[in-house]
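Data block below; observations after.
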Amino acid sequence: YWAIITISTMGYGDVLPVTTTERVFSIGVALIGAVVFSYSMGNITSLISQTAGADVKFDEKLRFVEEWLDFRQLPPKIKRHVKGFLHQGWKRSGALFEERRLMAELPRDTRSQIRKQIFKLRQSMMITENPLMGIDQTYIFSSHFGEECMGDILTRLLPVTFEKGYELYKFGDYGEEAFLIESGEIEITTAPMKVQHRGFIAAGQPEALGVDVKVTYQKGQVFGVMSLFSDICMYRIGSAKVVTDHAELLILTKQDLEELGHEYPFVPAKFRELATLAEIDMKNKGLDTKLRQMKSGDNPFGMGELDLQITKLRNELRSKKKE
C-alpha cells in the first residue's frame with residue numbers, strides 16, 4: 001500500500017484506510033487513476049506532436065546533419081552555411097515532405113489539379129510583383145507554359161538565400177543548375193579566357209573573348225541557362241557573385257529540367273533556345289550588357305522574361321550579322 005500510493009503520487013490525505021480491504025481498494029483506485037492519467041497525457045502529447053509534425057521531422061533531419069558535420073570536423077563557418085542553406089531549402093519548399101515522390105503516387109488528373117492550385121496559391125500570396133510572373137500577370141519563364149506546368153516547376157524550384165559577396169560559381173566550374181532571382185542582384189564576370197563551347201574548356205590555344213565583361217542580373221531574370229545543356233556548355237563561362245546585401249534565388253537543376261521534359265517537352269526546348277542564342281552571342285562579341293540588364297517591366301508585348309531574353313538576343317544577333 002505504501003509503495004503504490006507513493007509511486008502514484010496520490011498522497012495519503014486526511015482519511016487513511018485502516019483494514020486490509022480498505023488498503024486493497026485504495027491500491028486499485030490509485031492504479032486505475034495512474035493509468036487513466038498516463039493515457040490522457042500520452043494522447044495530449046501525441047496531438048501536440050502531430051500539429052508540429054513538420055517541425056519535428058525538420059529537427060530530426062537537422063540533428064542528423066549536425067552529427068555528420070561533427071564527424072567530418074568541419075569549421076564553424078561551413079557548419080553555419082550548411083545548416084542555413086538546408087534550413088531555407090527545407091522550410092520553404094516541399095522537399096521536407098518528399099513532395100515529388102508523393103505526387104508521383106497520385107492519379108494523373110489529381111496531380112494536374114494540385115499543380116494548378118499550387119500555382120494559383122503562389123499568385124495569391126504575392127502582394128508585390130511575382131518573380132515567377134511579370135507585370136500584367138505575364139509568365140517569367142514563358143507565356144505558353146500554363147498553370148499546370150508552372151505548378152510543376154514550383155514544386156521543383158529550390159529557394160535559397162545568399163549574403164553579399166557569396167560566389168555562386170566560378171569560371172570553369174561544372175554547371176548543373178540555372179538560377180531565377182526573386183530579390184537582390186547578381187553580378188556575372190566573364191573571364192578573358194577562351195572557352196570551347198561544345199562542352200569543354202579549351203586545352204590548347206584559347207579563343208579570345210576580349211576584356212572582362214561584367215553583367216548585373218536583377219529580380220525576375222534567369223541566368224546560368226547555358227550550363228543546363230552539356231552539349232552547349234558543360235562548364236561555367238564566368239563567375240557569379242551576390243552584390244546586394246542578400247539575394248533570394250530559386251534553383252532549377254539539370255535533372256529537374258530533364259524530368260520536366262518528359263511531360264512538357266516545350267520547357268527544355270525554350271531553355272535550349274535561349275542557351276543556343278547565348279552561345280552564339282558569346283562566340284561573337286561576348287555578353288550583351290544592355291540585354292542582361294533589361295528589367296522585367298520593359299515588356300510591351302506581354303511576353304515572359306525568358307521569351308524577352310530570347311527575342312532581344314535574336315534581334316541583337318541579326319543586327320550584328322547585318323552589320
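Residues are named by chain letter and number: chains run A, B, ... in the order of the C-alpha cells, numbers start at 1 in each chain, and ligands are numbered from 1 in the order shown.
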Could you find all residues in range 232-269 of chain A that DSSP calls strand (DSSP E or B) from the backbone, and write them as a ChimeraX atom specification? /A:235,238-242,246-253
Output of the above residues as a short mmCIF file (atom, residue, chain, number, x, y, z; two decimals), in the first residue's frame, restricted to C-alpha atoms:
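As written to disk, result_1.cif reads:
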data_model
loop_
_atom_site.label_atom_id
_atom_site.label_comp_id
_atom_site.auth_asym_id
_atom_site.auth_seq_id
_atom_site.Cartn_x
_atom_site.Cartn_y
_atom_site.Cartn_z
CA TYR A 235 31.42 24.35 -67.73
CA GLY A 238 32.03 33.20 -65.93
CA SER A 239 31.78 33.70 -62.19
CA ALA A 240 28.62 34.77 -60.35
CA LYS A 241 28.60 36.78 -57.12
CA VAL A 242 25.95 38.42 -54.93
CA HIS A 246 21.41 39.47 -49.80
CA ALA A 247 19.84 37.70 -52.75
CA GLU A 248 16.94 35.25 -52.78
CA LEU A 249 17.17 32.75 -55.61
CA LEU A 250 15.24 29.80 -56.98
CA ILE A 251 17.36 26.95 -58.33
CA LEU A 252 16.34 24.69 -61.23
CA THR A 253 18.67 21.72 -61.70
#
List as CSV every residue of range 33-63 of chain A that is in contact with range 85-90 of chain A, defined as an atom at most 10 Å from one of its atoms (using only C-alpha atoms), together with the nearest atom pair and the distance in Å rounded to one decimal, sorted by chain and then rising number.
residue,atom,partner,partner_atom,distance
A:Ala54,CA,A:Trp90,CA,9.8
A:Phe58,CA,A:Trp90,CA,7.6
A:Asp59,CA,A:His87,CA,9.9
A:Lys61,CA,A:Leu86,CA,9.8
A:Leu62,CA,A:His87,CA,8.3
I want to know what sits within 10 Å of Leu16 in chain A, based on only C-alpha atoms, with residues of the same chain fewer than 5 positions away left out; could you give that as a PyMOL selection string? chain A and resi 22-23+26
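You will find CA of Glu60 in chain A at 23.3 Å from CA of Leu157 in chain A.
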Can you tell me how far CA of Val82 in chain A sits from CA of Lys219 in chain A, in Å to one decimal? 24.7 Å
Which neighbours of Ile27 in chain A fall inside 9 Å, counting only C-alpha atoms, when residues of the same chain fewer than 3 positions from it are skipped, and could you give them as a list of chain:residue names?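 Listing them by chain and then by number gives A:Tyr1, A:Ile4, A:Ile5, A:Glu22, A:Arg23, A:Val24, A:Ala30, A:Leu31, A:Ile32.
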Spatial neighbours of range 77-81 of chain A, 9 Å, only C-alpha atoms, chain gap at least 6 places, as a VMD selection string: chain A and resid 66 69 to 70
Find, counting only C-alpha atoms, the residue in A:Gly94, A:Glu177, A:Tyr217, A:Pro159 that gets nearest to Phe271 in chain A.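 Closest candidate: A:Glu177.
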Quick one: of A:Phe145, A:Tyr174, A:Phe64, A:Trp2, who's nearest to Lys270 in chain A, counting only C-alpha atoms? A:Phe145
As a list in words, please: the residues near Gly224 in chain A (cut-off 8 Å, only C-alpha atoms, same-chain neighbours under 4 positions excluded).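 Contacts, with the query itself left out: Gly175, Glu177, Ala178, Phe179, Leu228 and Arg236 of chain A.
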